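A.B. asks: Encoded as structure tokens, here's the structure I'll be asking about.
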Amino acid sequence: MSEIENVVIIGSGPAGWTSAIYAARADLNPLCVIGVPKSTPSIVLPGGQLMLTTEVENYPGFPEGITGPDLMAGFQKQAERFGSRILTQDVVSCDFSTKPFALTTSGGETILAKSVIVATGATANWLGLENEMRLAMGGGGVSACAVCDGALPVYRDQPLAVVGGGDSALEEASYLTKFASEVFVIHRRDEFRASKAMQKRIFDSEKATPVWNKTVLDVLGEDSITGILLKDTVTGEESTLEVKGMFVAIGHTPATSFLDGSGIELDSKGYIALHTRSSATNIEGVFAAGDVADAHYRQAISAAGMGCMAAIDAEHYLAT
Ligand SMILES: Cc1cc2nc3c(=O)[nH]c(=O)nc-3n(C[C@H](O)[C@H](O)[C@H](O)COP(=O)(O)OP(=O)(O)OC[C@H]3O[C@@H](n4cnc5c(N)ncnc54)[C@H](O)[C@@H]3O)c2cc1C
């Protein structure tokens with residue numbers, strides 16, 4: 001490591017690697033702190049959320065599609081080609097009150113930096129069931145992103161389930177009605193939390209059916225999902241719902257806990273608050289990119305675009 005880094009990039013998803021490509025090509029010699037591999041696959045890994053998906057069909061430049069891990073391996077290779085340096089550790093805390101900034105890693109190192117790009121993503125929340133993760137990792141019909149996966153051939157004209165009752169769950173369900181034969185919306189209460197407008201879309205749809213007062217006990221199927229084992233939250237009765245896909249839509253958790261006490265402004269949901277049309281945070285010299293600062297679009301291409309913006313913003317900051 002240099003004595004004081006020009007730019008430290010935290011995160012190795014589409015946003016982090018794109019920042020690295022741009023920063024390295026601008027001769028900033030970036031240091032990428034990519035995160036430590038975790039034993040629980042449901043939390044964000046080096047390579048980011050796309051490591052959890054088999055088919056990526058909507059990333060431009062790959063007309064036949066590409067697997068998430070292959071896409072991320074390509075990002076990394078391109079970042080390394082231009083000289084990005086890699087540190088396989090987590091950042092556990094940040095001190096942005098001094099210049100240079102000081103970052104502490106899980107290995108106990110302190111990294112000093114003139115500028116920092118936070119690209120730590122947001123983890124989709126999962127139910128925490130063993131078979132759910134097994135089928136999600138193996139492309140077995142379990143996903144946490146309808147916009148990403150709903151159009152895949154495997155889901156077309158099939159009965160699907162969405163788990164959740166908030167706005168994003170109903171939005172995912174509504175999106176899936178374009179492709180599915182029917183969409184069951186499994187909710188643990190007897191009314192949705194979502195806005196009235198979103199609820200109306202579901203109630204008006206011929207394809208969507210709310211499944212009230214149910215929690216998911218297990219996901220059934222060997223190589224691909226065949227059904228969901230449900231438990232009634234009122235009677236305790238168990239039942240099986242036969243579906244060919246399950247979309248978990250119970251929210252996302254932005255990876256910002258390591259910023260506690262750093263002074264970085266977060267919004268009400270815990271995402272990093274950005275200045276309009278820029279990657280600048282409330283702290284000069286600290287930039288953010290990708291899902292960690294974007295609760296809305298949450299796509300690989302939008303995260304990569306924000307990574308490009310953050311590197312250009314950091315370069316301008318360092319030049320002034
Ligand atoms: C199941 C699933 C399927 C998807 N499919 C698609 C798809 O087909 N097409 C599409 O466009 N999008 C898809 N998405 C969405 C896409 O994965 C995300 O929008 C994208 O990965 C966001 O990129 P990011 O770089 O902002 O964050 P992430 O990809 O989440 O990467 C975050 C990175 O930060 C690192 N990190 C976190 N905390 C720390 C820390 N404290 N210290 C160091 N490193 C840290 C992690 O290791 C990781 O490398 C899918 C998402 C899911 C969950």
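Residues are named by chain letter and number: chains run A, B, ... in the order of the structure tokens, numbers start at 1 in each chain, and ligands are numbered from 1 in the order shown.
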Please identify the strand (DSSP E or B) residues within segment 53-267 of chain A (assignment by DSSP from backbone atoms) and present them as a ChimeraX atom specification.
C.D. replies: /A:56,66,85-87,91-95,101-105,110-118,122-124,142-143,159-163,182-186,208-211,214-220,227-232,238-242,245-248,252-254,266
A.B. asks: Please extract the residues at most 6 Å from ligand 1, counting only C-alpha atoms and all ligand atoms, and provide them as number ranges by chain, using the chain letters and residue numbers of this document.
C.D. replies: A: 10-16, 33-35, 44-50, 52-53, 56-59, 90-92, 119-122, 124, 143-145, 148-149, 255, 258, 290-292, 298-301, 303
A.B. asks: Excluding Ala288 of chain A and its own-chain neighbours fewer than 2 positions away, which residues fall within 6 Å of it when counting only C-alpha atoms? Please give them as a PyMOL selection string.
C.D. replies: chain A and resi 117-119+279
A.B. asks: Point out the residue among A:Ile283, A:Val185, A:Thr256, A:Lys269 with the least atom-to-atom distance to Leu241 of chain A, counting only C-alpha atoms.
C.D. replies: A:Val185
A.B. asks: From the DSSP assignment of the backbone, select every residue of segment 84-248 of chain A that is alpha helix (DSSP H), and format the answer as a VMD selection string.
C.D. replies: chain A and resid 130 to 137 146 to 149 167 to 176 196 to 204
A.B. asks: Next, the residues of the selection above should be written as a CSV table (one decimal), in the first residue's frame with N, CA and C atoms.
C.D. replies:
```csv
chain,number,residue,atom,x,y,z
A,130,GLU,N,-32.6,-22.8,4.3
A,130,GLU,CA,-31.5,-23.5,3.6
A,130,GLU,C,-31.8,-23.8,2.1
A,131,ASN,N,-33.0,-24.3,1.9
A,131,ASN,CA,-33.4,-24.7,0.5
A,131,ASN,C,-33.6,-23.5,-0.4
A,132,GLU,N,-34.0,-22.4,0.2
A,132,GLU,CA,-34.2,-21.1,-0.5
A,132,GLU,C,-32.8,-20.7,-1.1
A,133,MET,N,-31.8,-20.7,-0.3
A,133,MET,CA,-30.5,-20.3,-0.8
A,133,MET,C,-29.9,-21.3,-1.8
A,134,ARG,N,-30.1,-22.6,-1.5
A,134,ARG,CA,-29.6,-23.6,-2.4
A,134,ARG,C,-30.2,-23.4,-3.8
A,135,LEU,N,-31.5,-23.2,-3.9
A,135,LEU,CA,-32.1,-23.0,-5.2
A,135,LEU,C,-31.8,-21.7,-5.8
A,136,ALA,N,-31.6,-20.6,-5.0
A,136,ALA,CA,-31.3,-19.3,-5.5
A,136,ALA,C,-29.9,-19.4,-6.1
A,137,MET,N,-28.9,-20.0,-5.4
A,137,MET,CA,-27.5,-20.1,-5.9
A,137,MET,C,-27.5,-21.0,-7.2
A,146,ALA,N,-37.3,-9.5,-9.4
A,146,ALA,CA,-38.2,-9.8,-10.5
A,146,ALA,C,-37.8,-9.0,-11.8
A,147,VAL,N,-37.4,-7.8,-11.7
A,147,VAL,CA,-37.0,-7.0,-12.9
A,147,VAL,C,-35.8,-7.7,-13.5
A,148,CYS,N,-34.9,-8.3,-12.7
A,148,CYS,CA,-33.7,-8.9,-13.3
A,148,CYS,C,-34.1,-10.3,-13.9
A,149,ASP,N,-34.9,-11.1,-13.2
A,149,ASP,CA,-35.0,-12.5,-13.6
A,149,ASP,C,-36.4,-12.8,-14.2
A,167,ASP,N,-44.6,-2.1,-0.8
A,167,ASP,CA,-44.6,-1.5,-2.2
A,167,ASP,C,-43.8,-2.3,-3.2
A,168,SER,N,-42.5,-2.6,-2.8
A,168,SER,CA,-41.7,-3.3,-3.7
A,168,SER,C,-42.2,-4.7,-4.0
A,169,ALA,N,-42.8,-5.4,-3.0
A,169,ALA,CA,-43.3,-6.7,-3.3
A,169,ALA,C,-44.4,-6.7,-4.3
A,170,LEU,N,-45.3,-5.7,-4.1
A,170,LEU,CA,-46.5,-5.6,-5.1
A,170,LEU,C,-46.0,-5.1,-6.4
A,171,GLU,N,-45.0,-4.3,-6.4
A,171,GLU,CA,-44.4,-3.9,-7.7
A,171,GLU,C,-43.8,-5.1,-8.5
A,172,GLU,N,-43.1,-5.9,-7.7
A,172,GLU,CA,-42.5,-7.1,-8.3
A,172,GLU,C,-43.6,-8.0,-8.8
A,173,ALA,N,-44.7,-8.2,-8.0
A,173,ALA,CA,-45.8,-9.1,-8.4
A,173,ALA,C,-46.5,-8.5,-9.7
A,174,SER,N,-46.7,-7.2,-9.7
A,174,SER,CA,-47.4,-6.6,-10.8
A,174,SER,C,-46.5,-6.8,-12.1
A,175,TYR,N,-45.2,-6.7,-12.0
A,175,TYR,CA,-44.3,-6.9,-13.1
A,175,TYR,C,-44.3,-8.3,-13.6
A,176,LEU,N,-44.4,-9.2,-12.7
A,176,LEU,CA,-44.4,-10.7,-13.0
A,176,LEU,C,-45.7,-11.1,-13.7
A,196,LYS,N,-52.1,2.4,-1.5
A,196,LYS,CA,-53.4,2.0,-2.0
A,196,LYS,C,-53.3,1.8,-3.5
A,197,ALA,N,-52.6,2.6,-4.2
A,197,ALA,CA,-52.5,2.5,-5.6
A,197,ALA,C,-51.8,1.2,-6.1
A,198,MET,N,-50.8,0.8,-5.3
A,198,MET,CA,-50.1,-0.5,-5.7
A,198,MET,C,-51.1,-1.6,-5.4
A,199,GLN,N,-51.8,-1.5,-4.2
A,199,GLN,CA,-52.7,-2.6,-3.9
A,199,GLN,C,-53.8,-2.8,-5.0
A,200,LYS,N,-54.3,-1.6,-5.5
A,200,LYS,CA,-55.3,-1.6,-6.5
A,200,LYS,C,-54.9,-2.4,-7.7
A,201,ARG,N,-53.6,-2.2,-8.1
A,201,ARG,CA,-53.0,-2.8,-9.3
A,201,ARG,C,-53.1,-4.4,-9.1
A,202,ILE,N,-52.8,-4.8,-7.9
A,202,ILE,CA,-52.8,-6.2,-7.6
A,202,ILE,C,-54.3,-6.8,-7.6
A,203,PHE,N,-55.2,-6.0,-6.8
A,203,PHE,CA,-56.5,-6.5,-6.7
A,203,PHE,C,-57.2,-6.5,-8.1
A,204,ASP,N,-56.9,-5.5,-9.0
A,204,ASP,CA,-57.5,-5.5,-10.3
A,204,ASP,C,-57.0,-6.5,-11.3
```
A.B. asks: Have a look at A:Ala23, A:Val154, A:Val36, A:Leu87 and name the one nearest to Val116 of chain A; count only C-alpha atoms.
C.D. replies: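 Smallest separation from Val116 of chain A among the options: A:Ala23.
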A.B. asks: Would you kindly return, as a ChimeraX atom specification, each protein, DNA or RNA residue with an atom no farther than 10 Å from any atom of Pro210 of chain A, considering only C-alpha atoms and excluding same-chain residues fewer than 6 positions away?
C.D. replies: /A:161-162,165,170,183-187,190-192,202-203
A.B. asks: Would you write out those residues with C-alpha atoms, as a compact mmCIF listing (two decimals), in the first residue's frame?
C.D. replies:
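Below you can see again.txt, which holds the result:
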```
# COMPACT_ATOMS: atom_id res chain seq x y z
CA ALA A 161 -45.06 -16.58 -5.96
CA VAL A 162 -43.89 -13.30 -4.49
CA GLY A 165 -46.48 -7.14 1.37
CA LEU A 170 -46.46 -5.60 -5.05
CA VAL A 183 -48.84 -14.77 -9.39
CA PHE A 184 -49.51 -15.58 -5.74
CA VAL A 185 -48.56 -12.84 -3.29
CA ILE A 186 -47.77 -14.48 0.03
CA HIS A 187 -48.14 -12.18 3.00
CA ASP A 190 -54.39 -10.06 6.13
CA GLU A 191 -53.66 -6.71 4.51
CA PHE A 192 -50.75 -5.25 2.53
CA ILE A 202 -52.84 -6.25 -7.61
CA PHE A 203 -56.54 -6.50 -6.73
```
A.B. asks: Give the answer as one residue: which of A:Asp223, A:Glu5, A:Ala24, A:Leu274 has the shortest atom-to-atom distance to Gln78 of chain A, using only C-alpha atoms?
C.D. replies: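 Smallest separation from Gln78 of chain A among the options: A:Ala24.
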A.B. asks: Which residue gives the smallest distance to Val163 of chain A among A:Val248, A:Ala102, A:Ala273, A:Ala289, with only C-alpha atoms counted?
C.D. replies: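 Distance minimum relative to Val163 of chain A lands on A:Val248.
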A.B. asks: Restricting the calculation to only C-alpha atoms, which member of A:Thr276, A:Thr177, A:Ser19, A:Asn213 is positioned closest to Gln158 of chain A?
C.D. replies: A:Thr177
A.B. asks: Taking only C-alpha atoms into account, name the residue in A:Asp218, A:Glu206, A:Glu55, A:Glu182 that is nearest to Thr240 of chain A.
C.D. replies: A:Asp218
A.B. asks: Determine, counting only C-alpha atoms, which protein, DNA and RNA residues have an atom within 12 Å of an atom of Thr235 of chain A; residues of the same chain fewer than 5 positions away are not included. Present the result as a PyMOL selection string.
C.D. replies: chain A and resi 212-215+230
A.B. asks: In Å, with one decimal, what is the gap from atom CA of Thr88 of chain A to atom CA of Leu259 of chain A?
C.D. replies: 18.6 Å
A.B. asks: When you draw a straight line from atom CA of Glu284 of chain A to atom CA of Phe96 of chain A, how long is it in Å?
C.D. replies: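 We find that atom CA of Glu284 of chain A and atom CA of Phe96 of chain A lie 9.3 Å from each other.
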A.B. asks: Could you jot down the atom CA of Leu220 of chain A to atom CA of Ser239 of chain A separation for me, Å, one decimal place?
C.D. replies: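 We find that atom CA of Leu220 of chain A and atom CA of Ser239 of chain A lie 11.9 Å from each other.
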A.B. asks: I want to know what sits within 8 Å of Gly227 of chain A, based on only C-alpha atoms, with residues of the same chain fewer than 2 positions away left out; could you give that as a PyMOL selection string?
C.D. replies: chain A and resi 219-221+225+229+240-244
A.B. asks: Next, dump the selected residues to file, keeping only N, CA and C atoms, as a compact mmCIF listing (two decimals), in the first residue's frame.
C.D. replies:
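Saved the output as part00.txt:
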```
# COMPACT_ATOMS: atom_id res chain seq x y z
N VAL A 219 -38.87 -24.33 1.06
CA VAL A 219 -38.99 -24.28 -0.40
C VAL A 219 -38.74 -25.71 -0.90
N LEU A 220 -39.67 -26.23 -1.69
CA LEU A 220 -39.61 -27.63 -2.08
C LEU A 220 -39.04 -27.79 -3.49
N GLY A 221 -38.36 -28.91 -3.72
CA GLY A 221 -37.80 -29.19 -5.05
C GLY A 221 -36.32 -29.51 -4.95
N ILE A 225 -37.46 -25.41 -8.09
CA ILE A 225 -38.58 -25.31 -7.15
C ILE A 225 -39.84 -25.98 -7.71
N LEU A 229 -43.81 -24.68 1.06
CA LEU A 229 -44.53 -25.15 2.25
C LEU A 229 -44.88 -23.92 3.10
N THR A 240 -49.31 -26.70 1.03
CA THR A 240 -48.31 -26.56 -0.03
C THR A 240 -48.90 -25.77 -1.19
N LEU A 241 -48.12 -24.81 -1.67
CA LEU A 241 -48.53 -24.04 -2.84
C LEU A 241 -47.60 -24.45 -3.99
N GLU A 242 -48.18 -24.96 -5.07
CA GLU A 242 -47.34 -25.41 -6.19
C GLU A 242 -47.00 -24.23 -7.10
N VAL A 243 -45.72 -23.93 -7.21
CA VAL A 243 -45.25 -22.83 -8.07
C VAL A 243 -43.95 -23.24 -8.74
N LYS A 244 -43.60 -22.52 -9.81
CA LYS A 244 -42.35 -22.79 -10.53
C LYS A 244 -41.32 -21.68 -10.32
```
